[in-house]
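Shown next: coords.cif, containing mmCIF, C-alpha atoms.
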```cif
data_work
loop_
_atom_site.label_atom_id
_atom_site.label_comp_id
_atom_site.auth_asym_id
_atom_site.auth_seq_id
_atom_site.Cartn_x
_atom_site.Cartn_y
_atom_site.Cartn_z
CA MET A 1 106.20 36.37 173.79
CA GLU A 2 106.12 32.73 174.89
CA HIS A 3 102.90 31.73 176.70
CA ARG A 4 102.79 28.55 178.72
CA PRO A 5 99.87 26.78 180.38
CA TRP A 6 99.57 26.48 184.14
CA LYS A 7 100.42 23.16 185.73
CA THR A 8 97.72 21.49 187.84
CA LEU A 9 99.43 20.13 190.95
CA ARG A 10 96.35 18.91 192.78
CA ARG A 11 92.61 18.89 192.14
CA GLN A 12 89.98 18.71 194.86
CA LEU A 13 86.28 18.08 194.23
CA LEU A 14 84.30 20.67 196.23
CA LEU A 15 80.78 19.96 195.03
CA ASP A 16 79.33 17.18 192.89
CA ARG A 17 75.86 17.71 191.43
CA SER A 18 76.44 15.62 188.31
CA PRO A 19 75.29 15.78 185.59
CA TRP A 20 74.46 19.47 186.19
CA LEU A 21 77.54 20.78 187.90
CA ARG A 22 80.84 19.87 189.48
CA VAL A 23 83.02 22.42 191.24
CA MET A 24 86.74 21.80 191.65
CA ALA A 25 89.54 23.62 193.45
CA ASP A 26 92.90 23.33 191.73
CA ASP A 27 96.32 24.01 193.18
CA VAL A 28 98.27 25.29 190.20
CA GLU A 29 101.81 26.32 189.35
CA LEU A 30 102.21 29.37 187.13
CA PRO A 31 104.94 29.50 184.43
CA ASP A 32 106.98 31.94 186.58
CA GLY A 33 107.11 29.40 189.41
CA ARG A 34 104.50 30.99 191.69
CA SER A 35 101.81 28.66 192.95
CA VAL A 36 98.14 29.40 193.59
CA GLU A 37 95.92 27.32 195.85
CA GLY A 38 92.27 26.56 195.26
CA TYR A 39 91.77 28.13 191.81
CA LEU A 40 88.13 27.31 191.08
CA ARG A 41 86.98 25.31 188.10
CA LEU A 42 83.39 24.56 187.04
CA GLU A 43 82.38 21.55 185.00
CA THR A 44 79.03 21.27 183.27
CA ASN A 45 78.07 19.27 180.20
CA ASP A 46 78.92 21.00 176.95
CA HIS A 47 75.92 22.38 175.10
CA VAL A 48 74.79 23.43 171.64
CA VAL A 49 73.14 26.62 170.39
CA VAL A 50 71.42 26.36 166.99
CA VAL A 51 70.28 29.31 164.88
CA PRO A 52 67.70 27.72 162.54
CA GLN A 53 66.43 29.33 159.34
CA THR A 54 63.27 28.00 157.72
CA ALA A 55 63.15 27.21 154.00
CA ASP A 56 61.30 30.53 153.46
CA GLY A 57 63.99 32.51 155.29
CA ARG A 58 62.63 33.09 158.78
CA LEU A 59 64.67 32.45 161.93
CA ILE A 60 63.18 30.23 164.62
CA PHE A 61 63.31 31.34 168.26
CA LEU A 62 61.87 30.10 171.53
CA ARG A 63 60.30 32.38 174.08
CA SER A 64 60.09 31.26 177.71
CA TYR A 65 60.97 32.09 181.28
CA LYS A 66 64.65 31.34 181.81
CA ARG A 67 66.03 30.78 185.27
CA GLY A 68 69.53 32.14 184.46
CA PRO A 69 68.47 35.71 183.62
CA ASP A 70 65.34 35.23 185.80
CA ALA A 71 63.27 36.80 183.02
CA ILE A 72 61.16 36.00 179.97
CA ASP A 73 63.70 35.67 177.16
CA LEU A 74 63.80 34.95 173.46
CA GLN A 75 66.57 32.57 172.37
CA PRO A 76 67.64 30.20 169.61
CA PRO A 77 67.10 26.49 170.36
CA ALA A 78 69.82 25.20 172.71
CA GLY A 79 70.49 22.24 174.94
CA MET A 80 72.91 19.97 176.70
CA ILE A 81 75.05 17.47 174.81
CA GLU A 82 74.49 13.96 176.17
CA PRO A 83 77.54 11.98 177.36
CA GLY A 84 79.31 10.52 174.33
CA GLU A 85 77.14 12.43 171.86
CA ALA A 86 78.83 14.39 169.06
CA PRO A 87 77.98 18.13 169.09
CA ALA A 88 76.51 17.99 165.55
CA VAL A 89 74.23 15.10 166.59
CA ALA A 90 73.11 16.97 169.69
CA ALA A 91 72.37 20.03 167.55
CA GLU A 92 70.08 18.02 165.22
CA ARG A 93 68.39 16.35 168.19
CA GLU A 94 67.79 19.60 170.08
CA LEU A 95 66.44 21.37 166.99
CA LEU A 96 63.99 18.53 166.36
CA GLU A 97 62.93 18.18 170.02
CA GLU A 98 62.48 21.89 170.66
CA THR A 99 60.92 22.98 167.34
CA GLY A 100 59.90 19.89 165.36
CA TYR A 101 62.08 21.11 162.45
CA LYS A 102 64.79 19.36 160.42
CA ALA A 103 67.49 21.26 158.55
CA GLU A 104 68.75 20.76 155.00
CA ARG A 105 72.21 22.15 155.72
CA TRP A 106 74.32 22.45 158.87
CA ILE A 107 77.12 24.97 159.31
CA SER A 108 79.40 24.92 162.35
CA LEU A 109 80.08 28.38 163.77
CA GLY A 110 82.78 27.22 166.19
CA ARG A 111 82.89 26.59 169.89
CA SER A 112 83.83 28.64 172.93
CA VAL A 113 83.98 28.19 176.68
CA LEU A 114 81.50 29.88 179.01
CA GLY A 115 83.91 31.13 181.63
CA GLY A 116 87.32 32.51 180.67
CA ASN A 117 88.60 31.80 184.19
CA LEU A 118 86.18 29.26 185.72
CA GLY A 119 85.64 27.11 182.65
CA ALA A 120 82.12 25.58 182.83
CA GLY A 121 81.85 23.68 179.57
CA TRP A 122 81.84 24.57 175.89
CA ALA A 123 79.09 26.07 173.77
CA HIS A 124 79.05 24.64 170.25
CA LEU A 125 77.39 27.10 167.88
CA PHE A 126 75.54 26.14 164.69
CA LEU A 127 73.59 27.64 161.82
CA ALA A 128 70.95 25.35 160.31
CA THR A 129 69.36 26.40 157.02
CA GLY A 130 66.49 25.12 154.88
CA CYS A 131 64.56 23.98 157.97
CA ARG A 132 61.21 22.26 157.49
CA ASN A 133 58.62 21.22 160.03
CA VAL A 134 58.45 17.42 160.31
CA ALA A 135 56.97 16.82 163.78
CA ALA A 136 55.45 18.49 166.82
CA PRO A 137 57.97 19.91 169.30
CA ASP A 138 58.58 17.73 172.36
CA ALA A 139 61.35 19.31 174.38
CA GLY A 140 60.66 17.83 177.80
CA ASP A 141 62.00 21.00 179.44
CA LEU A 142 60.72 22.51 182.67
CA GLU A 143 60.01 25.74 180.83
CA THR A 144 56.94 26.07 178.61
CA ALA A 145 58.39 27.51 175.44
CA GLU A 146 56.60 29.19 172.55
CA MET A 147 58.03 29.21 169.02
CA VAL A 148 58.52 32.65 167.47
CA LEU A 149 59.52 33.12 163.82
CA LEU A 150 61.28 36.37 162.93
CA THR A 151 62.71 37.77 159.72
CA PRO A 152 66.52 38.05 159.81
CA ASP A 153 66.11 41.86 159.78
CA GLU A 154 63.83 41.86 162.82
CA ALA A 155 66.06 39.40 164.68
CA ARG A 156 69.13 41.53 163.93
CA ARG A 157 67.33 44.66 165.11
CA ARG A 158 66.63 42.98 168.46
CA TRP A 159 70.19 41.64 168.69
CA ARG A 160 71.59 45.16 168.12
CA ALA A 161 69.20 46.54 170.73
CA GLY A 162 70.57 44.12 173.34
CA GLU A 163 67.27 42.24 173.74
CA PHE A 164 68.80 38.74 173.94
CA LEU A 165 69.63 38.05 177.58
CA GLN A 166 71.82 34.95 177.24
CA LEU A 167 75.47 35.24 176.21
CA GLY A 168 75.25 32.11 174.03
CA SER A 169 72.36 33.61 172.05
CA VAL A 170 74.27 36.85 171.46
CA ALA A 171 77.41 34.99 170.34
CA ALA A 172 75.62 32.53 168.03
CA LEU A 173 73.39 35.19 166.45
CA GLY A 174 76.32 37.49 165.60
CA LEU A 175 78.11 34.69 163.74
CA ALA A 176 74.86 33.50 162.12
CA PHE A 177 73.93 36.95 160.77
CA ASP A 178 77.42 37.30 159.32
CA ARG A 179 77.21 33.87 157.67
CA LEU A 180 73.69 34.42 156.33
CA GLN A 181 74.87 37.68 154.79
CA ALA A 182 77.80 35.88 153.13
CA LEU A 183 75.34 33.26 151.81
CA GLY A 184 72.99 36.00 150.54
CA ALA A 185 70.33 34.48 152.80
CA ASP A 186 69.92 37.35 155.27
CA ALA A 187 66.78 38.77 153.67
CA LEU A 188 63.45 37.09 152.98
CA SER A 189 62.88 36.43 149.31
CA GLY A 190 60.41 39.06 148.15
CA SER A 191 60.80 41.21 151.29
CA MET B 1 51.14 32.81 175.25
CA GLU B 2 51.51 34.07 178.80
CA HIS B 3 54.91 33.33 180.37
CA ARG B 4 55.37 33.56 184.09
CA PRO B 5 58.51 33.39 186.22
CA TRP B 6 59.20 30.55 188.62
CA LYS B 7 58.65 31.17 192.31
CA THR B 8 61.61 30.56 194.63
CA LEU B 9 60.27 28.76 197.70
CA ARG B 10 63.57 28.15 199.46
CA ARG B 11 67.23 28.87 198.75
CA GLN B 12 70.11 26.89 200.23
CA LEU B 13 73.74 27.96 200.03
CA LEU B 14 75.78 24.92 198.91
CA LEU B 15 79.21 26.47 198.46
CA ASP B 16 80.58 29.89 199.33
CA ARG B 17 83.86 30.92 197.74
CA SER B 18 83.09 34.64 197.66
CA PRO B 19 83.99 36.82 195.86
CA TRP B 20 84.68 34.22 193.15
CA LEU B 21 81.71 31.91 193.36
CA ARG B 22 78.64 31.00 195.32
CA VAL B 23 76.50 27.98 194.49
CA MET B 24 72.87 27.84 195.58
CA ALA B 25 70.17 25.16 195.40
CA ASP B 26 66.67 26.58 194.94
CA ASP B 27 63.38 24.84 195.57
CA VAL B 28 61.09 26.40 192.97
CA GLU B 29 57.46 26.32 191.99
CA LEU B 30 56.69 26.31 188.26
CA PRO B 31 53.73 28.30 186.84
CA ASP B 32 51.80 25.02 186.31
CA GLY B 33 52.05 24.21 190.01
CA ARG B 34 54.78 21.56 189.80
CA SER B 35 57.67 22.03 192.18
CA VAL B 36 61.35 21.26 191.61
CA GLU B 37 63.87 20.77 194.38
CA GLY B 38 67.48 21.88 194.31
CA TYR B 39 67.59 23.75 191.01
CA LEU B 40 71.18 25.01 190.90
CA ARG B 41 72.14 28.64 190.70
CA LEU B 42 75.62 30.11 190.35
CA GLU B 43 76.59 33.57 191.51
CA THR B 44 79.77 35.30 190.42
CA ASN B 45 80.53 39.00 190.17
CA ASP B 46 79.30 40.58 186.96
CA HIS B 47 82.03 41.42 184.49
CA VAL B 48 82.79 43.66 181.54
CA VAL B 49 84.15 42.88 178.08
CA VAL B 50 85.56 45.86 176.16
CA VAL B 51 86.35 45.91 172.43
CA PRO B 52 88.76 48.84 172.12
CA GLN B 53 89.65 50.56 168.85
CA THR B 54 92.70 52.81 168.68
CA ALA B 55 92.51 56.29 167.17
CA ASP B 56 94.15 54.87 164.00
CA GLY B 57 91.55 52.12 163.69
CA ARG B 58 93.21 49.00 165.12
CA LEU B 59 91.49 46.72 167.66
CA ILE B 60 93.34 45.93 170.88
CA PHE B 61 93.50 42.32 172.10
CA LEU B 62 95.30 40.47 174.87
CA ARG B 63 97.00 37.14 174.35
CA SER B 64 97.59 34.86 177.33
CA TYR B 65 97.03 31.46 178.81
CA LYS B 66 93.44 31.29 180.08
CA ARG B 67 92.42 28.76 182.65
CA GLY B 68 88.80 28.44 181.41
CA PRO B 69 89.59 27.06 177.95
CA ASP B 70 92.96 25.73 179.28
CA ALA B 71 94.66 27.19 176.22
CA ILE B 72 96.52 30.22 174.91
CA ASP B 73 93.75 32.56 173.78
CA LEU B 74 93.33 35.98 172.22
CA GLN B 75 90.59 38.11 173.78
CA PRO B 76 89.37 41.68 174.19
CA PRO B 77 90.16 43.26 177.59
CA ALA B 78 87.74 42.00 180.25
CA GLY B 79 87.43 41.89 184.00
CA MET B 80 85.29 41.67 187.09
CA ILE B 81 83.11 44.56 188.22
CA GLU B 82 83.97 45.55 191.80
CA PRO B 83 81.15 45.58 194.38
CA GLY B 84 79.16 48.81 193.97
CA GLU B 85 81.00 49.78 190.79
CA ALA B 86 78.97 50.83 187.73
CA PRO B 87 79.64 48.66 184.64
CA ALA B 88 80.77 51.68 182.58
CA VAL B 89 83.25 52.65 185.29
CA ALA B 90 84.58 49.08 185.48
CA ALA B 91 84.97 49.07 181.69
CA GLU B 92 87.12 52.24 181.75
CA ARG B 93 89.16 50.90 184.65
CA GLU B 94 89.78 47.50 183.07
CA LEU B 95 90.74 49.03 179.72
CA LEU B 96 93.27 51.32 181.43
CA GLU B 97 94.67 48.61 183.73
CA GLU B 98 95.00 45.95 181.05
CA THR B 99 96.19 48.07 178.11
CA GLY B 100 97.15 51.55 179.36
CA TYR B 101 94.67 53.08 176.90
CA LYS B 102 91.86 55.61 177.39
CA ALA B 103 88.92 55.88 175.02
CA GLU B 104 87.35 58.99 173.49
CA ARG B 105 83.91 57.42 173.11
CA TRP B 106 82.10 54.60 174.90
CA ILE B 107 79.23 52.63 173.36
CA SER B 108 77.25 50.08 175.38
CA LEU B 109 76.54 46.86 173.46
CA GLY B 110 74.13 45.47 176.06
CA ARG B 111 74.43 42.81 178.73
CA SER B 112 73.67 39.13 178.93
CA VAL B 113 73.89 36.34 181.48
CA LEU B 114 76.52 33.58 181.21
CA GLY B 115 74.29 30.62 181.93
CA GLY B 116 70.74 30.43 180.60
CA ASN B 117 69.85 27.94 183.32
CA LEU B 118 72.52 28.30 186.03
CA GLY B 119 72.87 32.07 185.94
CA ALA B 120 76.47 32.97 186.97
CA GLY B 121 76.51 36.74 186.59
CA TRP B 122 76.13 39.20 183.74
CA ALA B 123 78.59 40.17 181.03
CA HIS B 124 78.34 43.87 180.15
CA LEU B 125 79.66 44.43 176.63
CA PHE B 126 81.24 47.67 175.38
CA LEU B 127 82.85 49.19 172.33
CA ALA B 128 85.44 51.89 173.06
CA THR B 129 86.66 54.02 170.14
CA GLY B 130 89.38 56.64 169.68
CA CYS B 131 91.63 54.89 172.21
CA ARG B 132 95.00 56.46 173.01
CA ASN B 133 97.87 55.13 175.09
CA VAL B 134 98.25 57.14 178.30
CA ALA B 135 100.07 54.77 180.65
CA ALA B 136 101.81 51.40 180.92
CA PRO B 137 99.46 48.43 181.44
CA ASP B 138 99.25 47.21 185.05
CA ALA B 139 96.61 44.49 185.20
CA GLY B 140 97.71 42.62 188.32
CA ASP B 141 96.35 39.38 186.81
CA LEU B 142 97.86 35.94 187.34
CA GLU B 143 98.25 35.56 183.59
CA THR B 144 101.07 37.32 181.75
CA ALA B 145 99.24 38.98 178.89
CA GLU B 146 100.66 40.43 175.70
CA MET B 147 98.92 43.21 173.77
CA VAL B 148 98.13 42.44 170.13
CA LEU B 149 96.77 45.07 167.72
CA LEU B 150 94.79 43.79 164.74
CA THR B 151 92.99 45.51 161.88
CA PRO B 152 89.20 45.08 162.07
CA ASP B 153 89.43 42.90 158.94
CA GLU B 154 91.97 40.56 160.49
CA ALA B 155 90.04 40.37 163.76
CA ARG B 156 86.82 39.58 161.89
CA ARG B 157 88.57 36.89 159.87
CA ARG B 158 89.67 35.19 163.09
CA TRP B 159 86.21 35.61 164.65
CA ARG B 160 84.59 33.95 161.59
CA ALA B 161 87.13 31.14 161.77
CA GLY B 162 86.15 30.38 165.37
CA GLU B 163 89.54 31.31 166.81
CA PHE B 164 88.23 33.13 169.91
CA LEU B 165 87.78 30.54 172.65
CA GLN B 166 85.71 32.52 175.18
CA LEU B 167 81.98 33.01 174.68
CA GLY B 168 82.13 36.63 175.93
CA SER B 169 84.75 37.49 173.29
CA VAL B 170 82.63 35.98 170.51
CA ALA B 171 79.49 37.82 171.66
CA ALA B 172 81.18 41.22 172.16
CA LEU B 173 83.11 41.05 168.88
CA GLY B 174 80.01 40.26 166.81
CA LEU B 175 78.19 43.30 168.16
CA ALA B 176 81.32 45.47 167.88
CA PHE B 177 81.97 44.59 164.21
CA ASP B 178 78.34 45.39 163.41
CA ARG B 179 78.55 48.74 165.21
CA LEU B 180 81.90 49.68 163.66
CA GLN B 181 80.43 48.95 160.24
CA ALA B 182 77.45 51.21 161.01
CA LEU B 183 79.90 53.94 162.13
CA GLY B 184 82.00 53.47 158.97
CA ALA B 185 84.93 52.65 161.26
CA ASP B 186 85.43 49.00 160.33
CA ALA B 187 88.34 49.61 157.96
CA LEU B 188 91.66 51.31 158.59
CA SER B 189 91.91 54.70 156.96
CA GLY B 190 94.18 54.26 153.96
CA SER B 191 94.02 50.43 154.04
#
```
I need this file expressed as structure tokens, please.
Amino acid sequence: MEHRPWKTLRRQLLLDRSPWLRVMADDVELPDGRSVEGYLRLETNDHVVVVPQTADGRLIFLRSYKRGPDAIDLQPPAGMIEPGEAPAVAAERELLEETGYKAERWISLGRSVLGGNLGAGWAHLFLATGCRNVAAPDAGDLETAEMVLLTPDEARRRWRAGEFLQLGSVAALGLAFDRLQALGADALSGS
Amino acid sequence: MEHRPWKTLRRQLLLDRSPWLRVMADDVELPDGRSVEGYLRLETNDHVVVVPQTADGRLIFLRSYKRGPDAIDLQPPAGMIEPGEAPAVAAERELLEETGYKAERWISLGRSVLGGNLGAGWAHLFLATGCRNVAAPDAGDLETAEMVLLTPDEARRRWRAGEFLQLGSVAALGLAFDRLQALGADALSGS
């Protein structure tokens, strides 16, 4: 079957709260000729999610109140990509700012869009291994976050139990566990 | 460390495109006493993502143009939960509407919120096994979708390669592969 993109005939800006959010309404033409008015589209900055593993095999998480789930949540380091910044550069910057760690090796786990229909920016997912503490964290976020180090086994147990409340965490962790297993790095040495 | 939620002092409705989207601006008070004006919050209906496995072990996907990534994308069946509908009921309904299949067994894989900061509704993730075709698909979506059946191995290869463009697909598939492996159902019988 041949699949063709929709044609955007007209785009109207409904709400502009840059750099956090822009909401658009698109008049589109479907491949079969039908047209749809006001199909919504969200724009936010792209962001990165980084699953960091320390040199001794533990995974680094942050625990804080998050406004999205409106709950205390554990998550891998994550943050907005600055305008013009490459995703890999943003990943290094966010890891350093939020944890004070630098990685020996970076592995891209791909990218995906938040909303299948509405859009809303891309999440770029990374695994960072061989991480070592080089500075104090200095995230500058509104949330007060606490660093939590977990063994891969314990993190995977929580992931299976549905304890991670943000979709980006769930997606990045699944790919990271799979990659760590392939690298033979999914268990602590000696554990 | 003690983590406390933010207090919402005032909520202003900025944009109402119900049932698709509502955008709010919240004035909030942080636990340390600071206040922040106009912190954005998105509301959309919650949705379900279903990874369905047929009785002979294949995973069912849909291929179509998706407006979010603005690309042709492969994804598990997914859809909006109707007002008052239980997530498990929506999952059964969406699977039947989009594929014409009914499952023998349903396994919840948890739920997570789209936006860690902005909110935007919850994705409820499911694995559905022992699926059998009972009707013709009748999704009523704007997109013309094509059903694609893949072996778990082939689906996992594409997931590892970053070929799924929607964050909900990536999250649900990771958990589903893990669960299928635990069930011993991650390979086709005879393959």
Given the choices A:Gly33, A:Pro5, A:His47, A:Gly174, which gets closest to Lys66 (chain B) if the distance is worked out from all atoms listed in the file?
-> A:Pro5
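Shortest atom-to-atom contact with Thr8 (chain B) among A:Arg58, A:Leu183, A:Val51, A:Arg67: A:Arg67, counting only C-alpha atoms.
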Neighbourhood query: residues within 6 Å of (67.5, 31.9, 155.4), file coordinates, counting only C-alpha atoms; return as a PyMOL selection string.
-> chain A and resi 53+57+185-186
Out of B:Gly38, B:Pro69, B:Pro87, B:Gly130, which residue has the shortest atom-to-atom distance to chain A when counting all atoms listed in the file?
-> B:Pro69
Residues at most 6 Å from region 70-80 of chain A, counting all atoms listed in the file, excluding those fewer than 5 positions away in the same chain, as JSON, numbers by chain?
-> {"A": [47, 48, 49, 50, 51, 61, 62, 63, 64, 65, 169]}
Quick one: which residues from chain B are at most 6 Å off chain A, using all atoms listed in the file, as an NGL selection string?
-> :B and (5 or 65 or 67-69 or 110 or 112-119 or 162 or 165-167 or 170-171 or 174)
Output, as a compact mmCIF listing (two decimals) with C-alpha atoms, in the coordinates of the input, the coordinates of chain B following least-squares superposition onto chain A across all in-order C-alpha pairs.
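File out38.txt, as written:
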```
# COMPACT_ATOMS: atom_id res chain seq x y z
CA MET B 1 106.20 36.37 173.80
CA GLU B 2 106.10 32.74 174.87
CA HIS B 3 102.90 31.74 176.70
CA ARG B 4 102.78 28.58 178.71
CA PRO B 5 99.87 26.80 180.38
CA TRP B 6 99.55 26.49 184.13
CA LYS B 7 100.41 23.16 185.72
CA THR B 8 97.71 21.50 187.84
CA LEU B 9 99.42 20.13 190.95
CA ARG B 10 96.33 18.90 192.77
CA ARG B 11 92.59 18.88 192.12
CA GLN B 12 89.96 18.70 194.85
CA LEU B 13 86.28 18.07 194.21
CA LEU B 14 84.30 20.66 196.22
CA LEU B 15 80.77 19.95 195.02
CA ASP B 16 79.32 17.18 192.89
CA ARG B 17 75.86 17.71 191.44
CA SER B 18 76.44 15.63 188.31
CA PRO B 19 75.27 15.77 185.59
CA TRP B 20 74.45 19.45 186.19
CA LEU B 21 77.54 20.78 187.90
CA ARG B 22 80.82 19.87 189.48
CA VAL B 23 83.02 22.41 191.25
CA MET B 24 86.74 21.78 191.65
CA ALA B 25 89.53 23.62 193.46
CA ASP B 26 92.90 23.33 191.71
CA ASP B 27 96.32 24.00 193.18
CA VAL B 28 98.28 25.30 190.19
CA GLU B 29 101.80 26.31 189.35
CA LEU B 30 102.21 29.38 187.12
CA PRO B 31 104.93 29.50 184.41
CA ASP B 32 106.96 31.94 186.58
CA GLY B 33 107.09 29.41 189.40
CA ARG B 34 104.49 31.00 191.68
CA SER B 35 101.81 28.66 192.95
CA VAL B 36 98.14 29.40 193.59
CA GLU B 37 95.92 27.32 195.83
CA GLY B 38 92.27 26.55 195.23
CA TYR B 39 91.76 28.13 191.82
CA LEU B 40 88.12 27.31 191.07
CA ARG B 41 86.97 25.30 188.11
CA LEU B 42 83.40 24.56 187.04
CA GLU B 43 82.38 21.55 185.00
CA THR B 44 79.03 21.27 183.27
CA ASN B 45 78.07 19.27 180.20
CA ASP B 46 78.92 21.00 176.95
CA HIS B 47 75.93 22.38 175.09
CA VAL B 48 74.79 23.42 171.64
CA VAL B 49 73.15 26.61 170.40
CA VAL B 50 71.42 26.36 167.00
CA VAL B 51 70.28 29.31 164.88
CA PRO B 52 67.72 27.73 162.55
CA GLN B 53 66.44 29.33 159.35
CA THR B 54 63.28 28.01 157.72
CA ALA B 55 63.16 27.20 154.01
CA ASP B 56 61.30 30.52 153.47
CA GLY B 57 63.99 32.51 155.28
CA ARG B 58 62.63 33.10 158.79
CA LEU B 59 64.69 32.45 161.94
CA ILE B 60 63.19 30.22 164.62
CA PHE B 61 63.32 31.34 168.27
CA LEU B 62 61.88 30.09 171.54
CA ARG B 63 60.30 32.38 174.09
CA SER B 64 60.10 31.27 177.72
CA TYR B 65 60.96 32.09 181.28
CA LYS B 66 64.66 31.33 181.81
CA ARG B 67 66.04 30.78 185.25
CA GLY B 68 69.54 32.14 184.45
CA PRO B 69 68.49 35.71 183.64
CA ASP B 70 65.33 35.25 185.81
CA ALA B 71 63.28 36.80 183.01
CA ILE B 72 61.16 36.00 179.97
CA ASP B 73 63.70 35.67 177.16
CA LEU B 74 63.80 34.96 173.45
CA GLN B 75 66.57 32.58 172.37
CA PRO B 76 67.65 30.22 169.61
CA PRO B 77 67.11 26.50 170.37
CA ALA B 78 69.82 25.20 172.70
CA GLY B 79 70.49 22.24 174.94
CA MET B 80 72.92 19.97 176.70
CA ILE B 81 75.05 17.47 174.81
CA GLU B 82 74.48 13.95 176.17
CA PRO B 83 77.53 11.98 177.37
CA GLY B 84 79.31 10.52 174.33
CA GLU B 85 77.14 12.44 171.88
CA ALA B 86 78.82 14.40 169.06
CA PRO B 87 77.97 18.14 169.09
CA ALA B 88 76.50 17.99 165.56
CA VAL B 89 74.24 15.11 166.58
CA ALA B 90 73.11 16.98 169.70
CA ALA B 91 72.37 20.03 167.55
CA GLU B 92 70.08 18.03 165.22
CA ARG B 93 68.39 16.36 168.18
CA GLU B 94 67.79 19.60 170.08
CA LEU B 95 66.45 21.37 166.99
CA LEU B 96 63.98 18.53 166.36
CA GLU B 97 62.94 18.19 170.02
CA GLU B 98 62.49 21.90 170.65
CA THR B 99 60.93 22.98 167.35
CA GLY B 100 59.92 19.89 165.34
CA TYR B 101 62.08 21.10 162.45
CA LYS B 102 64.80 19.36 160.42
CA ALA B 103 67.49 21.26 158.55
CA GLU B 104 68.75 20.75 155.00
CA ARG B 105 72.21 22.15 155.72
CA TRP B 106 74.32 22.43 158.87
CA ILE B 107 77.12 24.97 159.30
CA SER B 108 79.41 24.92 162.35
CA LEU B 109 80.09 28.39 163.78
CA GLY B 110 82.80 27.21 166.18
CA ARG B 111 82.88 26.59 169.91
CA SER B 112 83.83 28.62 172.94
CA VAL B 113 83.99 28.18 176.69
CA LEU B 114 81.48 29.88 179.02
CA GLY B 115 83.91 31.14 181.62
CA GLY B 116 87.32 32.50 180.67
CA ASN B 117 88.58 31.79 184.18
CA LEU B 118 86.17 29.26 185.71
CA GLY B 119 85.63 27.11 182.64
CA ALA B 120 82.10 25.58 182.85
CA GLY B 121 81.84 23.68 179.58
CA TRP B 122 81.83 24.57 175.90
CA ALA B 123 79.08 26.08 173.78
CA HIS B 124 79.07 24.64 170.25
CA LEU B 125 77.40 27.10 167.88
CA PHE B 126 75.56 26.14 164.68
CA LEU B 127 73.59 27.64 161.83
CA ALA B 128 70.96 25.35 160.31
CA THR B 129 69.37 26.41 157.01
CA GLY B 130 66.49 25.12 154.88
CA CYS B 131 64.58 23.98 157.98
CA ARG B 132 61.22 22.26 157.49
CA ASN B 133 58.63 21.21 160.04
CA VAL B 134 58.45 17.42 160.31
CA ALA B 135 56.98 16.82 163.76
CA ALA B 136 55.44 18.49 166.81
CA PRO B 137 57.97 19.92 169.29
CA ASP B 138 58.58 17.72 172.35
CA ALA B 139 61.35 19.31 174.39
CA GLY B 140 60.64 17.83 177.82
CA ASP B 141 62.00 21.01 179.44
CA LEU B 142 60.72 22.52 182.67
CA GLU B 143 60.00 25.76 180.84
CA THR B 144 56.94 26.09 178.62
CA ALA B 145 58.41 27.52 175.44
CA GLU B 146 56.63 29.19 172.56
CA MET B 147 58.04 29.21 169.02
CA VAL B 148 58.52 32.64 167.46
CA LEU B 149 59.52 33.12 163.81
CA LEU B 150 61.27 36.37 162.93
CA THR B 151 62.71 37.77 159.71
CA PRO B 152 66.52 38.05 159.81
CA ASP B 153 66.10 41.85 159.79
CA GLU B 154 63.83 41.84 162.82
CA ALA B 155 66.07 39.40 164.69
CA ARG B 156 69.13 41.53 163.94
CA ARG B 157 67.34 44.65 165.11
CA ARG B 158 66.63 42.99 168.46
CA TRP B 159 70.19 41.64 168.70
CA ARG B 160 71.60 45.17 168.11
CA ALA B 161 69.23 46.55 170.73
CA GLY B 162 70.57 44.12 173.34
CA GLU B 163 67.29 42.25 173.74
CA PHE B 164 68.80 38.74 173.94
CA LEU B 165 69.63 38.06 177.58
CA GLN B 166 71.83 34.95 177.25
CA LEU B 167 75.47 35.24 176.21
CA GLY B 168 75.26 32.11 174.02
CA SER B 169 72.36 33.62 172.04
CA VAL B 170 74.28 36.85 171.45
CA ALA B 171 77.43 35.00 170.33
CA ALA B 172 75.63 32.52 168.03
CA LEU B 173 73.41 35.18 166.45
CA GLY B 174 76.34 37.47 165.60
CA LEU B 175 78.12 34.69 163.75
CA ALA B 176 74.88 33.49 162.12
CA PHE B 177 73.93 36.95 160.77
CA ASP B 178 77.43 37.30 159.32
CA ARG B 179 77.22 33.87 157.67
CA LEU B 180 73.70 34.42 156.32
CA GLN B 181 74.88 37.69 154.80
CA ALA B 182 77.80 35.88 153.13
CA LEU B 183 75.34 33.26 151.80
CA GLY B 184 72.98 36.00 150.55
CA ALA B 185 70.32 34.48 152.81
CA ASP B 186 69.91 37.35 155.28
CA ALA B 187 66.77 38.77 153.69
CA LEU B 188 63.44 37.11 152.99
CA SER B 189 62.88 36.43 149.32
CA GLY B 190 60.36 39.01 148.15
CA SER B 191 60.71 41.19 151.29
```
Straight-line distance linking CA of Glu98 (chain A) with CA of Leu9 (chain B), stated in Å to one decimal = 28.0 Å
One-decimal distance in Å that lies between CA of Leu150 (chain A) and CA of Asp153 (chain B) | 29.2 Å
Looking at A:Glu82, A:Glu37, A:Asp56, A:Asp26, which one is nearest to Asn133 (chain A), with distances taken over all atoms listed in the file?
-> A:Asp56
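For the pair CA of Ala25 (chain A) and CA of Ala25 (chain B), the interatomic distance is 19.5 Å.
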Selection near Thr99 (chain B), 7 Å with all atoms listed in the file, sequence-local residues under 3 positions removed, as a PyMOL selection string | chain B and resi 95-96+137
